file upload-v9.txt (compact mmCIF, C-alpha atoms and all ligand atoms)
# COMPACT_ATOMS: atom_id res chain seq x y z
CA MET K 1 0.00 0.00 0.00
CA LYS K 2 1.14 3.56 -0.74
CA ALA K 3 -0.35 6.09 1.65
CA VAL K 4 -0.18 9.69 2.79
CA LEU K 5 0.82 9.82 6.48
CA LEU K 6 -0.91 12.69 8.28
CA ASN K 7 2.15 13.67 10.29
CA SER K 8 1.66 15.79 13.42
CA GLY K 9 5.10 15.11 14.85
CA GLY K 10 3.49 13.40 17.87
CA ILE K 11 3.94 10.06 19.61
CA ASP K 12 0.89 8.58 17.89
CA THR K 13 2.22 9.53 14.45
CA LEU K 14 5.56 7.95 15.30
CA ALA K 15 3.82 4.71 16.37
CA ALA K 16 1.67 4.58 13.23
CA ALA K 17 4.66 5.28 10.96
CA GLN K 18 6.77 2.62 12.67
CA MET K 19 3.94 0.05 12.45
CA LEU K 20 3.12 0.61 8.77
CA LYS K 21 6.75 0.74 7.70
CA GLU K 22 7.38 -2.57 9.48
CA GLN K 23 4.45 -3.96 7.48
CA GLY K 24 6.19 -2.88 4.26
CA HIS K 25 3.99 0.04 3.24
CA GLU K 26 5.26 3.16 1.43
CA LEU K 27 4.48 6.37 3.31
CA HIS K 28 4.42 9.97 2.10
CA SER K 29 4.42 12.49 4.93
CA LEU K 30 2.05 15.46 5.01
CA PHE K 31 2.40 18.05 7.80
CA ILE K 32 -0.49 20.48 8.11
CA GLY K 33 0.20 23.63 10.12
CA MET K 34 -2.86 25.52 11.34
CA GLY K 35 -1.12 28.24 13.25
CA GLN K 36 -1.10 26.21 16.47
CA PRO K 37 1.21 27.58 19.20
CA ASN K 38 3.60 24.60 18.92
CA GLN K 39 3.72 24.65 15.12
CA VAL K 40 7.46 25.26 14.76
CA LEU K 41 8.36 22.46 17.18
CA ALA K 42 5.79 20.12 15.62
CA LEU K 43 7.16 20.82 12.15
CA ILE K 44 10.71 19.93 13.25
CA ALA K 45 9.44 16.70 14.89
CA SER K 46 7.39 15.76 11.82
CA LYS K 47 10.46 16.10 9.59
CA LYS K 48 12.43 13.73 11.81
CA ILE K 49 9.64 11.13 11.62
CA ALA K 50 9.43 11.63 7.83
CA ASP K 51 13.20 11.25 7.41
CA ALA K 52 13.05 7.90 9.23
CA TYR K 53 9.90 6.37 7.77
CA CYS K 54 8.64 8.24 4.70
CA SER K 55 9.61 8.46 1.03
CA SER K 56 8.66 12.14 0.83
CA HIS K 57 7.55 15.02 3.05
CA PHE K 58 5.31 18.00 2.27
CA GLU K 59 4.29 20.93 4.45
CA PHE K 60 0.93 22.64 4.03
CA ILE K 61 0.76 25.71 6.24
CA ILE K 62 -2.56 27.43 6.99
CA PRO K 63 -1.92 30.90 8.46
CA GLY K 64 -2.97 31.16 12.11
CA GLU K 65 -5.50 33.90 11.46
CA TRP K 66 -7.45 31.51 9.22
CA SER K 67 -7.80 28.83 11.90
CA VAL K 68 -11.26 27.39 12.37
CA SER K 69 -12.76 27.95 15.81
CA SER K 70 -15.99 26.68 17.29
CA PRO K 71 -18.02 27.80 20.32
CA ASN K 72 -16.70 24.76 22.19
CA ALA K 73 -13.04 25.42 21.47
CA PRO K 74 -10.79 27.38 23.84
CA ALA K 75 -10.48 31.03 22.85
CA GLY K 76 -8.71 31.18 19.51
CA GLY K 77 -8.39 27.42 19.49
CA ILE K 78 -9.39 24.76 17.03
CA SER K 79 -12.04 22.21 17.96
CA ILE K 80 -11.06 18.56 17.50
CA PRO K 81 -13.85 17.58 15.04
CA TYR K 82 -12.99 20.52 12.78
CA LEU K 83 -9.30 19.85 13.08
CA THR K 84 -9.75 16.17 12.23
CA GLY K 85 -12.02 17.04 9.33
CA VAL K 86 -9.76 19.64 7.77
CA VAL K 87 -6.67 17.48 8.19
CA PHE K 88 -8.36 14.40 6.71
CA LEU K 89 -9.74 16.33 3.74
CA MET K 90 -6.39 17.99 3.03
CA GLY K 91 -4.85 14.53 3.24
CA CYS K 92 -7.29 13.29 0.58
CA VAL K 93 -6.46 16.18 -1.73
CA TYR K 94 -2.73 15.62 -1.30
CA ALA K 95 -3.13 11.84 -1.82
CA ARG K 96 -4.90 12.54 -5.10
CA LYS K 97 -2.17 14.98 -6.14
CA ILE K 98 0.61 12.44 -5.66
CA GLY K 99 -1.43 9.48 -6.93
CA VAL K 100 -1.93 7.36 -3.82
CA GLU K 101 -5.27 5.94 -2.65
CA TYR K 102 -4.92 5.85 1.13
CA ILE K 103 -4.38 8.28 3.96
CA VAL K 104 -3.10 7.16 7.35
CA SER K 105 -4.11 9.02 10.48
CA ALA K 106 -2.83 8.15 13.97
CA VAL K 107 -5.97 9.49 15.68
CA LYS K 108 -7.39 7.47 18.55
CA GLY K 109 -10.79 7.45 20.22
CA THR K 110 -14.47 7.13 19.54
CA HIS K 111 -14.87 10.04 17.12
CA VAL K 112 -12.75 8.14 14.58
CA GLU K 113 -15.43 5.49 14.11
CA ALA K 114 -18.01 8.12 13.24
CA PHE K 115 -15.67 10.20 11.15
CA LYS K 116 -14.41 7.63 8.64
CA PRO K 117 -17.82 6.95 7.00
CA THR K 118 -18.48 10.70 7.06
CA LEU K 119 -15.25 11.33 5.18
CA LEU K 120 -16.14 8.77 2.51
CA ALA K 121 -19.68 10.18 2.20
CA LEU K 122 -18.32 13.73 1.92
CA GLN K 123 -16.01 12.72 -0.91
CA LYS K 124 -18.79 10.89 -2.77
CA ALA K 125 -21.40 13.62 -2.26
CA ASN K 126 -19.19 16.45 -3.42
CA SER K 127 -17.17 14.70 -6.13
CA ILE K 128 -14.31 17.00 -5.22
CA ILE K 129 -11.81 14.19 -5.56
CA PRO K 130 -12.12 11.95 -8.64
CA VAL K 131 -10.83 8.89 -6.76
CA ILE K 132 -12.22 8.03 -3.34
CA ILE K 133 -9.34 8.10 -0.87
CA ILE K 134 -9.58 5.48 1.88
CA PRO K 135 -8.72 6.51 5.47
CA ILE K 136 -6.64 4.06 7.53
CA THR K 137 -6.50 4.54 11.31
CA PRO K 138 -4.22 1.85 12.74
CA LEU K 139 -4.32 3.16 16.33
CA GLU K 140 -8.05 3.82 16.65
CA ASN K 141 -8.63 1.14 19.32
CA LYS K 142 -5.37 1.62 21.21
CA SER K 143 -4.86 3.38 24.53
CA ASP K 144 -2.09 5.89 25.25
CA ALA K 145 -0.30 3.16 27.25
CA GLU K 146 -0.47 0.69 24.37
CA VAL K 147 0.90 3.26 21.92
CA TYR K 148 3.74 4.07 24.31
CA GLU K 149 4.61 0.36 24.52
CA MET K 150 4.95 0.30 20.72
CA VAL K 151 7.53 3.10 20.60
CA LYS K 152 9.21 3.05 24.01
CA ASN K 153 12.49 1.83 22.48
CA ASN K 154 12.30 4.04 19.40
CA PRO K 155 15.11 6.65 19.51
CA LEU K 156 12.78 9.20 17.90
CA LEU K 157 10.37 9.07 20.85
CA LYS K 158 12.20 11.90 22.65
CA GLU K 159 12.03 14.03 19.47
CA THR K 160 8.22 13.94 19.27
CA VAL K 161 5.94 16.75 20.47
CA SER K 162 2.97 16.38 22.82
CA CYS K 163 2.15 19.73 24.41
CA ALA K 164 0.13 22.22 22.35
CA TRP K 165 2.32 25.09 23.60
CA SER K 166 5.79 26.32 22.76
CA PRO K 167 7.84 25.86 24.80
CA PRO K 168 5.97 22.94 26.44
CA CYS K 169 3.97 24.24 29.43
CA GLY K 170 5.05 21.45 31.78
CA VAL K 171 1.67 21.31 33.53
CA CYS K 172 -0.91 20.00 31.02
CA LYS K 173 -1.96 16.34 30.94
CA LYS K 174 0.28 15.64 27.96
CA CYS K 175 3.35 17.19 29.60
CA LEU K 176 2.63 15.26 32.82
CA ASP K 177 2.18 12.00 30.85
CA ARG K 178 5.60 12.54 29.25
CA LYS K 179 7.21 13.21 32.62
CA ALA K 180 5.57 10.09 34.10
CA ARG K 181 7.08 8.02 31.27
CA GLU K 182 10.41 9.83 31.50
CA ILE K 183 10.26 11.10 27.94
CA ASP K 184 12.13 14.38 27.47
CA VAL K 185 9.85 17.39 27.18
CA ALA K 186 11.51 18.93 24.12
ZN ZN L 201 1.96 21.10 28.22
call {"tool": "encode", "arguments": {"input": "upload-v9.txt", "output": "structure tokens"}}
result
Amino acid sequence: MKAVLLNSGGIDTLAAAQMLKEQGHELHSLFIGMGQPNQVLALIASKKIADAYCSSHFEFIIPGEWSVSSPNAPAGGISIPYLTGVVFLMGCVYARKIGVEYIVSAVKGTHVEAFKPTLLALQKANSIIPVIIIPITPLENKSDAEVYEMVKNNPLLKETVSCAWSPPCGVCKKCLDRKAREIDVA
């Protein structure tokens, strides 16, 4: 399989890239910047993951002032459903551009189950992409602990980003999770 890897520079992306590469798949990295506070750090991390596991790497940067907010998002923030949707759709467009039929996302959790059929329906209903691009979500049923087990010996683990802020805030759940697992907070 040839697939676009939606590359956030995070631990989940690293685990998905490692897993699919071990299975012999060809990955093409796509980083999408939406003006998030940690964008520069995330971009650096995504390049390191791409260098190790991907045949190519592309950066699509959306200026921060264009970011999509919702009433449920923190002030100036991006809500998760919108973020997932925009990232998945951009992944489909990029997959079409480079001629591959799959996108890989490392998202976890219950919204993935609902989102995948929605993405397929959106593509069919709008005919915006001549070939239907299939989303692959290899980590959708895994917990944070299971993902950590997959990559705990991967030298790139310490290069990944978790915190949404730059520099890492040190006090959010993601920063505390990294400290608990003794992963450097880059
Ligand atoms: Zn933090």
call {"tool": "atom_distance", "arguments": {"input": "upload-v9.txt", "atom1": "CA of Leu176 (chain K)", "atom2": "CA of Glu59 (chain K)"}}
result
29.0 Å
call {"tool": "residues_around", "arguments": {"input": "upload-v9.txt", "residues": "Gln18 (chain K)", "least_positions_apart": "6", "cutoff": "9 Å", "atoms": "only C-alpha atoms", "output": "list of chain:residue names"}}
result
K:Ala52, K:Tyr53, K:Met150, K:Val151, K:Asn154
call {"tool": "residues_around", "arguments": {"input": "upload-v9.txt", "residues": "Cys169 (chain K)", "least_positions_apart": "3", "cutoff": "12 Å", "atoms": "only C-alpha atoms", "output": "list in words"}}
result
Pro37, Asn38, Val161, Ser162, Cys163, Ala164, Trp165, Ser166, Cys172, Lys173, Lys174, Cys175, Leu176, Arg178, Lys179, Val185 and Ala186 of chain K
call {"tool": "closest_residue", "arguments": {"input": "upload-v9.txt", "among": "K:Ala180, K:Leu20, K:Ile32, K:Val171", "to": "ligand ZN 201 (chain L)", "atoms": "only C-alpha atoms and all ligand atoms"}}
result
K:Val171
call {"tool": "closest_residue", "arguments": {"input": "upload-v9.txt", "among": "K:Lys2, K:His57, K:Lys48, K:Lys158", "to": "His25 (chain K)", "atoms": "only C-alpha atoms"}}
result
K:Lys2
call {"tool": "build_atoms", "arguments": {"input": "upload-v9.txt", "residues": "region 89-124 of chain K", "atoms": "N, CA and C atoms", "output": "mmCIF file, in the frame of the given file"}}
result
data_model
loop_
_atom_site.group_PDB
_atom_site.id
_atom_site.type_symbol
_atom_site.label_atom_id
_atom_site.label_comp_id
_atom_site.auth_asym_id
_atom_site.auth_seq_id
_atom_site.Cartn_x
_atom_site.Cartn_y
_atom_site.Cartn_z
ATOM 1 N N LEU K 89 -9.407 15.899 5.103
ATOM 2 C CA LEU K 89 -9.740 16.330 3.740
ATOM 3 C C LEU K 89 -8.501 16.818 2.992
ATOM 4 N N MET K 90 -7.634 17.568 3.679
ATOM 5 C CA MET K 90 -6.390 17.990 3.030
ATOM 6 C C MET K 90 -5.536 16.780 2.669
ATOM 7 N N GLY K 91 -5.578 15.775 3.526
ATOM 8 C CA GLY K 91 -4.850 14.530 3.240
ATOM 9 C C GLY K 91 -5.373 13.876 1.972
ATOM 10 N N CYS K 92 -6.692 13.884 1.794
ATOM 11 C CA CYS K 92 -7.290 13.290 0.580
ATOM 12 C C CYS K 92 -6.846 14.058 -0.671
ATOM 13 N N VAL K 93 -6.855 15.365 -0.580
ATOM 14 C CA VAL K 93 -6.460 16.180 -1.730
ATOM 15 C C VAL K 93 -4.992 15.905 -2.083
ATOM 16 N N TYR K 94 -4.145 15.860 -1.050
ATOM 17 C CA TYR K 94 -2.730 15.620 -1.300
ATOM 18 C C TYR K 94 -2.500 14.208 -1.848
ATOM 19 N N ALA K 95 -3.245 13.223 -1.321
ATOM 20 C CA ALA K 95 -3.130 11.840 -1.820
ATOM 21 C C ALA K 95 -3.460 11.801 -3.311
ATOM 22 N N ARG K 96 -4.507 12.495 -3.681
ATOM 23 C CA ARG K 96 -4.900 12.540 -5.100
ATOM 24 C C ARG K 96 -3.780 13.178 -5.936
ATOM 25 N N LYS K 97 -3.217 14.260 -5.407
ATOM 26 C CA LYS K 97 -2.170 14.980 -6.140
ATOM 27 C C LYS K 97 -0.968 14.075 -6.436
ATOM 28 N N ILE K 98 -0.582 13.264 -5.445
ATOM 29 C CA ILE K 98 0.610 12.440 -5.660
ATOM 30 C C ILE K 98 0.266 11.024 -6.108
ATOM 31 N N GLY K 99 -1.026 10.754 -6.326
ATOM 32 C CA GLY K 99 -1.430 9.480 -6.930
ATOM 33 C C GLY K 99 -1.424 8.293 -5.988
ATOM 34 N N VAL K 100 -1.757 8.503 -4.708
ATOM 35 C CA VAL K 100 -1.930 7.360 -3.820
ATOM 36 C C VAL K 100 -3.382 7.317 -3.338
ATOM 37 N N GLU K 101 -3.830 6.127 -2.908
ATOM 38 C CA GLU K 101 -5.270 5.940 -2.650
ATOM 39 C C GLU K 101 -5.631 5.835 -1.173
ATOM 40 N N TYR K 102 -4.645 5.980 -0.305
ATOM 41 C CA TYR K 102 -4.920 5.850 1.130
ATOM 42 C C TYR K 102 -4.329 7.030 1.887
ATOM 43 N N ILE K 103 -5.007 7.383 2.991
ATOM 44 C CA ILE K 103 -4.380 8.280 3.960
ATOM 45 C C ILE K 103 -4.326 7.551 5.293
ATOM 46 N N VAL K 104 -3.253 7.767 6.036
ATOM 47 C CA VAL K 104 -3.100 7.160 7.350
ATOM 48 C C VAL K 104 -3.156 8.262 8.396
ATOM 49 N N SER K 105 -4.052 8.100 9.357
ATOM 50 C CA SER K 105 -4.110 9.020 10.480
ATOM 51 C C SER K 105 -3.880 8.238 11.763
ATOM 52 N N ALA K 106 -3.125 8.826 12.691
ATOM 53 C CA ALA K 106 -2.830 8.150 13.970
ATOM 54 C C ALA K 106 -3.836 8.530 15.044
ATOM 55 N N VAL K 107 -4.981 9.098 14.656
ATOM 56 C CA VAL K 107 -5.970 9.490 15.680
ATOM 57 C C VAL K 107 -6.467 8.273 16.447
ATOM 58 N N LYS K 108 -6.812 8.515 17.710
ATOM 59 C CA LYS K 108 -7.390 7.470 18.550
ATOM 60 C C LYS K 108 -8.731 7.976 19.079
ATOM 61 N N GLY K 109 -9.576 7.036 19.525
ATOM 62 C CA GLY K 109 -10.790 7.450 20.220
ATOM 63 C C GLY K 109 -12.064 7.269 19.414
ATOM 64 N N THR K 110 -13.172 7.506 20.086
ATOM 65 C CA THR K 110 -14.470 7.130 19.540
ATOM 66 C C THR K 110 -14.895 7.975 18.345
ATOM 67 N N HIS K 111 -14.407 9.221 18.247
ATOM 68 C CA HIS K 111 -14.870 10.040 17.120
ATOM 69 C C HIS K 111 -14.357 9.503 15.786
ATOM 70 N N VAL K 112 -13.306 8.686 15.816
ATOM 71 C CA VAL K 112 -12.750 8.140 14.580
ATOM 72 C C VAL K 112 -13.772 7.264 13.865
ATOM 73 N N GLU K 113 -14.459 6.431 14.662
ATOM 74 C CA GLU K 113 -15.430 5.490 14.110
ATOM 75 C C GLU K 113 -16.526 6.233 13.335
ATOM 76 N N ALA K 114 -16.959 7.349 13.898
ATOM 77 C CA ALA K 114 -18.010 8.120 13.240
ATOM 78 C C ALA K 114 -17.447 8.901 12.062
ATOM 79 N N PHE K 115 -16.199 9.281 12.163
ATOM 80 C CA PHE K 115 -15.670 10.200 11.150
ATOM 81 C C PHE K 115 -15.323 9.519 9.834
ATOM 82 N N LYS K 116 -14.857 8.279 9.892
ATOM 83 C CA LYS K 116 -14.410 7.630 8.640
ATOM 84 C C LYS K 116 -15.540 7.510 7.610
ATOM 85 N N PRO K 117 -16.730 6.990 7.991
ATOM 86 C CA PRO K 117 -17.820 6.950 7.000
ATOM 87 C C PRO K 117 -18.221 8.347 6.520
ATOM 88 N N THR K 118 -18.134 9.322 7.436
ATOM 89 C CA THR K 118 -18.480 10.700 7.060
ATOM 90 C C THR K 118 -17.524 11.204 5.982
ATOM 91 N N LEU K 119 -16.247 10.894 6.155
ATOM 92 C CA LEU K 119 -15.250 11.330 5.180
ATOM 93 C C LEU K 119 -15.522 10.716 3.804
ATOM 94 N N LEU K 120 -15.845 9.434 3.790
ATOM 95 C CA LEU K 120 -16.140 8.770 2.510
ATOM 96 C C LEU K 120 -17.388 9.378 1.887
ATOM 97 N N ALA K 121 -18.429 9.607 2.714
ATOM 98 C CA ALA K 121 -19.680 10.180 2.200
ATOM 99 C C ALA K 121 -19.447 11.589 1.660
ATOM 100 N N LEU K 122 -18.626 12.365 2.361
ATOM 101 C CA LEU K 122 -18.320 13.730 1.920
ATOM 102 C C LEU K 122 -17.648 13.713 0.551
ATOM 103 N N GLN K 123 -16.711 12.803 0.377
ATOM 104 C CA GLN K 123 -16.010 12.720 -0.910
ATOM 105 C C GLN K 123 -16.975 12.348 -2.019
ATOM 106 N N LYS K 124 -17.849 11.354 -1.745
ATOM 107 C CA LYS K 124 -18.790 10.890 -2.770
ATOM 108 C C LYS K 124 -19.801 11.982 -3.098
#
